[in-house]
Amino acid sequence: MPPKTRRSAPSGLSWDEAPLAPVVLVRGAEGVLSDRAVARIVEQAREADAGTEVTRLDAAAYDLGRLEMLASPSLFGEARCIVITGVESCTDALIDDTITYLRAPADDVTLVLQHGGGVRGKRLLDAVTKAGHPVVACEPVKRDAEKAAFVAAEFRRARRQIDQDAVQALVQALGSDLRELAAACTQLVADTTGRVGADVVERYHGGRVEATGFKVADAAIAGHAGQAVTLLRHAVETGANPVVLVAALAVKLRTMAKVEAMSGRGGAGGLGLAPWQVDQARRELAGWGPEGLARAITAVAAADAEVKGLSRDPVFAVERAVLRIAASRGRR
């Protein structure tokens, strides 16, 4: 492995920008992204030197002097990659040893510190940042646009193509859990060939409660009251929670309201939405006016309160909201 010069690096790199460097801090509570970043660094180390020796240490069980021993020049001169996980639970010995090591990192060693969040080890984190080493940020992914970008990146990594509507379907079906979303991407890559379309996602994940909720919402927003109620009753019979169903209605209407509010202000940028979400909301807004949208949002707000304890019959509350939403379409 060629010598690596230490240089000032930006903090807050994304997981897919994690670089090969003498010391890299992977920081954040999103375990999937953190693991991806560490794997990327290890892969780069092995690409630079196929003989790289990889050692993994648990920060909570770290013993004094262990880092110095592992980073000492090797008898055979092989490159080394030391990954220390769980730094948020590290021992005082690890903090002291690593801060000492930062003064003169070895050229043939890559040290990766994986910190899952919290205040433990702050002195160490500050020392890494002050020394100018790369920091990879792996904070929880909350916005649908970020989840869609994650799905697209997973397929690019696998050298596979996926349609935008298929990305949307995956996020809607499994977006509440990034690890589950990642597993679904892996499954689709392994079990299918060619370009992945929405029909493939529907075949694998169409039965999910989240996906069912959005189907109910789609029908209601289109003004198809009968279809929406039929889908709703089927969803309830197959175990869908009324709270989740109302949440799906709220997400759809909230997105439409955001896009509608920006329609006269030069675009929908800065809303935290993926382009396909904006395009879909614009299509769904056809036939809707401000008054109808306000009525629909009010109906969902009432249903949300009812399914969370204000009604003895939460299913009826959702059904009533669906009917009100469908009837609100066309009101200007």
# chains A, B, ... in the order shown; residues from 1 in each chain; ligands from 1

$ select_by_dssp --residues "range 63-290 of chain A" --states "strand (DSSP E)" --output "PyMOL selection string"
chain A and resi 80-85+109-115+135-137

$ atom_distance --atom1 "CA of Leu273 in chain A" --atom2 "CA of Ala145 in chain A"
4.9 Å

$ closest_atom_pairs --of "range 129-209 of chain A" --to "range 274-286 of chain A" --cutoff "8 Å" --atoms "only C-alpha atoms" --output "Markdown table"
| residue | atom | partner | partner_atom | distance |
| --- | --- | --- | --- | --- |
| A:Asp144 | CA | A:Ala274 | CA | 7.1 |
| A:Ala145 | CA | A:Ala274 | CA | 4.4 |
| A:Glu146 | CA | A:Ala274 | CA | 7.8 |
| A:Ala148 | CA | A:Ala274 | CA | 7.2 |
| A:Gln164 | CA | A:Trp276 | CA | 6.9 |
| A:Asp165 | CA | A:Trp276 | CA | 7.7 |
| A:Gln168 | CA | A:Trp276 | CA | 7.7 |

$ write_last_selection --atoms "N, CA, C and O atoms" --output "CSV table (one decimal), in the first residue's frame"
chain,number,residue,atom,x,y,z
A,144,ASP,N,-38.2,10.9,2.7
A,144,ASP,CA,-38.4,10.0,1.6
A,144,ASP,C,-37.4,10.2,0.5
A,144,ASP,O,-37.0,9.2,-0.2
A,145,ALA,N,-37.1,11.4,0.2
A,145,ALA,CA,-36.1,11.7,-0.8
A,145,ALA,C,-34.8,11.0,-0.5
A,145,ALA,O,-34.1,10.5,-1.4
A,146,GLU,N,-34.4,11.0,0.7
A,146,GLU,CA,-33.1,10.4,1.1
A,146,GLU,C,-33.2,8.9,1.0
A,146,GLU,O,-32.2,8.2,0.6
A,148,ALA,N,-35.1,7.3,-1.0
A,148,ALA,CA,-35.1,7.0,-2.5
A,148,ALA,C,-33.7,7.0,-3.0
A,148,ALA,O,-33.3,6.2,-3.8
A,164,GLN,N,-37.9,4.5,-11.6
A,164,GLN,CA,-38.2,5.5,-10.5
A,164,GLN,C,-39.5,5.1,-9.8
A,164,GLN,O,-39.6,5.2,-8.6
A,165,ASP,N,-40.5,4.5,-10.5
A,165,ASP,CA,-41.7,4.1,-9.8
A,165,ASP,C,-41.5,2.9,-9.0
A,165,ASP,O,-42.2,2.7,-8.0
A,168,GLN,N,-40.0,4.3,-5.8
A,168,GLN,CA,-41.1,4.8,-5.0
A,168,GLN,C,-41.9,3.7,-4.3
A,168,GLN,O,-42.2,3.9,-3.1

$ residues_around --residues "Ser176 in chain A" --least-positions-apart "5" --cutoff "10 Å" --atoms "only C-alpha atoms" --output "short mmCIF file (atom, residue, chain, number, x, y, z; two decimals) with all heavy atoms, in the first residue's frame"
data_model
loop_
_atom_site.label_atom_id
_atom_site.label_comp_id
_atom_site.auth_asym_id
_atom_site.auth_seq_id
_atom_site.Cartn_x
_atom_site.Cartn_y
_atom_site.Cartn_z
N VAL A 141 -31.86 8.37 8.47
CA VAL A 141 -32.50 8.83 7.23
C VAL A 141 -34.00 8.91 7.49
O VAL A 141 -34.64 7.91 7.79
CB VAL A 141 -32.20 7.87 6.07
CG1 VAL A 141 -32.96 8.27 4.83
CG2 VAL A 141 -30.70 7.85 5.79
N LYS A 142 -34.56 10.10 7.36
CA LYS A 142 -35.98 10.31 7.68
C LYS A 142 -36.80 10.72 6.46
O LYS A 142 -37.95 10.32 6.32
CB LYS A 142 -36.11 11.37 8.77
CG LYS A 142 -35.47 10.95 10.10
CD LYS A 142 -35.62 12.02 11.15
CE LYS A 142 -34.98 11.60 12.47
NZ LYS A 142 -35.09 12.66 13.50
N ASP A 144 -38.24 10.92 2.68
CA ASP A 144 -38.43 9.95 1.61
C ASP A 144 -37.43 10.17 0.48
O ASP A 144 -37.00 9.21 -0.17
CB ASP A 144 -39.86 10.05 1.05
CG ASP A 144 -40.87 9.35 1.94
OD1 ASP A 144 -40.45 8.66 2.89
OD2 ASP A 144 -42.08 9.49 1.70
N LYS A 147 -34.34 8.35 1.39
CA LYS A 147 -34.54 6.91 1.27
C LYS A 147 -34.52 6.48 -0.18
O LYS A 147 -33.96 5.43 -0.53
CB LYS A 147 -35.86 6.50 1.93
CG LYS A 147 -35.88 6.73 3.43
CD LYS A 147 -37.26 6.52 4.01
CE LYS A 147 -37.30 6.87 5.50
NZ LYS A 147 -38.65 6.77 6.07
N VAL A 171 -39.88 2.40 -1.31
CA VAL A 171 -39.86 3.34 -0.19
C VAL A 171 -41.20 3.35 0.53
O VAL A 171 -41.27 3.35 1.76
CB VAL A 171 -39.48 4.75 -0.68
CG1 VAL A 171 -39.67 5.78 0.43
CG2 VAL A 171 -38.04 4.77 -1.17
N LEU A 181 -35.22 -1.98 4.26
CA LEU A 181 -35.18 -1.48 2.90
C LEU A 181 -33.92 -1.98 2.19
O LEU A 181 -33.97 -2.39 1.03
CB LEU A 181 -35.20 0.05 2.92
CG LEU A 181 -35.41 0.79 1.61
CD1 LEU A 181 -36.71 0.40 0.95
CD2 LEU A 181 -35.37 2.30 1.85
N GLU A 210 -47.73 -0.96 4.81
CA GLU A 210 -47.45 0.38 4.34
C GLU A 210 -47.92 0.55 2.90
O GLU A 210 -48.51 1.55 2.52
CB GLU A 210 -45.95 0.68 4.44
CG GLU A 210 -45.42 0.73 5.87
CD GLU A 210 -44.91 -0.62 6.34
OE1 GLU A 210 -45.36 -1.64 5.80
OE2 GLU A 210 -44.08 -0.65 7.26
#

$ residues_around --residues "range 312-320 of chain A" --least-positions-apart "6" --cutoff "10 Å" --atoms "only C-alpha atoms" --output "count of residues only"
20

$ residues_around --residues "Thr52 in chain A" --least-positions-apart "4" --cutoff "8 Å" --atoms "only C-alpha atoms" --output "PyMOL selection string"
chain A and resi 45-46+78-81

$ residues_around --residues "range 97-112 of chain A" --least-positions-apart "3" --cutoff "9 Å" --atoms "only C-alpha atoms" --output "CSV table (one decimal) with C-alpha atoms, in the first residue's frame"
chain,number,residue,atom,x,y,z
A,1,MET,CA,0.0,0.0,0.0
A,2,PRO,CA,1.5,3.4,-0.9
A,3,PRO,CA,2.0,5.9,1.9
A,4,LYS,CA,-1.0,7.9,2.7
A,5,THR,CA,-0.4,11.6,3.4
A,6,ARG,CA,-2.6,13.2,6.0
A,20,LEU,CA,-9.2,5.5,2.5
A,21,ALA,CA,-7.0,7.5,4.9
A,22,PRO,CA,-4.7,7.0,7.9
A,23,VAL,CA,-7.7,7.6,10.3
A,24,VAL,CA,-11.4,7.8,9.5
A,25,LEU,CA,-14.2,8.5,11.9
A,26,VAL,CA,-17.6,7.0,10.9
A,38,VAL,CA,-16.9,0.8,7.1
A,41,ILE,CA,-13.1,1.7,3.6
A,42,VAL,CA,-12.1,-1.9,4.1
A,45,ALA,CA,-7.8,-0.9,1.6
A,64,LEU,CA,-4.6,-0.5,27.3
A,65,GLY,CA,-1.8,-0.7,24.7
A,66,ARG,CA,-3.8,-2.8,22.2
A,67,LEU,CA,-3.8,-0.2,19.4
A,68,GLU,CA,-0.1,0.5,19.7
A,71,ALA,CA,-0.2,-0.6,14.6
A,72,SER,CA,3.4,-1.4,15.2
A,73,PRO,CA,5.5,-2.2,12.0
A,77,GLY,CA,5.5,-5.4,6.0
A,78,GLU,CA,1.8,-6.1,5.1
A,79,ALA,CA,-0.7,-3.2,5.3
A,80,ARG,CA,-3.2,-3.2,8.1
A,81,CYS,CA,-6.7,-2.0,8.6
A,82,ILE,CA,-7.9,-1.7,12.2
A,83,VAL,CA,-11.7,-1.2,12.7
A,84,ILE,CA,-12.8,-0.3,16.2
A,85,THR,CA,-16.6,-0.6,16.6
A,92,ASP,CA,-11.0,5.3,28.9
A,93,ALA,CA,-7.9,3.3,27.7
A,94,LEU,CA,-9.1,3.5,24.1
A,123,ARG,CA,-12.8,14.0,23.7
A,124,LEU,CA,-11.6,11.4,21.2
A,127,ALA,CA,-9.3,15.1,18.7
A,128,VAL,CA,-10.0,13.3,15.4
A,131,ALA,CA,-6.4,16.7,13.5

$ closest_residue --among "A:Lys122, A:Arg143, A:Arg56, A:Arg36" --to "Asp96 in chain A" --atoms "only C-alpha atoms"
A:Lys122

$ atom_distance --atom1 "CA of Gly86 in chain A" --atom2 "CA of Arg40 in chain A"
17.8 Å

$ atom_distance --atom1 "CA of Ala261 in chain A" --atom2 "CA of Thr298 in chain A"
16.6 Å

$ closest_residue --among "A:Arg120, A:Val196, A:His115, A:Gly31" --to "Ala152 in chain A" --atoms "only C-alpha atoms"
A:Val196

$ closest_residue --among "A:Lys215, A:Arg324, A:Arg179, A:Arg295" --to "Asp35 in chain A" --atoms "only C-alpha atoms"
A:Arg179

$ closest_residue --among "A:Val54, A:Val216, A:Ala61, A:Leu13" --to "Lys252 in chain A" --atoms "only C-alpha atoms"
A:Val216

$ closest_atom_pairs --of "range 213-238 of chain A" --to "range 287-292 of chain A" --cutoff "12 Å" --atoms "only C-alpha atoms" --output "JSON lines"
{"residue": "A:Ile221", "atom": "CA", "partner": "A:Trp288", "partner_atom": "CA", "distance": 8.9}
{"residue": "A:Ala222", "atom": "CA", "partner": "A:Gly287", "partner_atom": "CA", "distance": 8.5}
{"residue": "A:Gly223", "atom": "CA", "partner": "A:Gly287", "partner_atom": "CA", "distance": 9.2}

$ select_by_dssp --residues "range 108-331 of chain A" --states "alpha helix (DSSP H)" --output "MDAnalysis selection string"
chainID A and resid 122:130 144:157 164:174 178:191 198:205 209:221 225:237 242:262 275:285 290:305 314:328
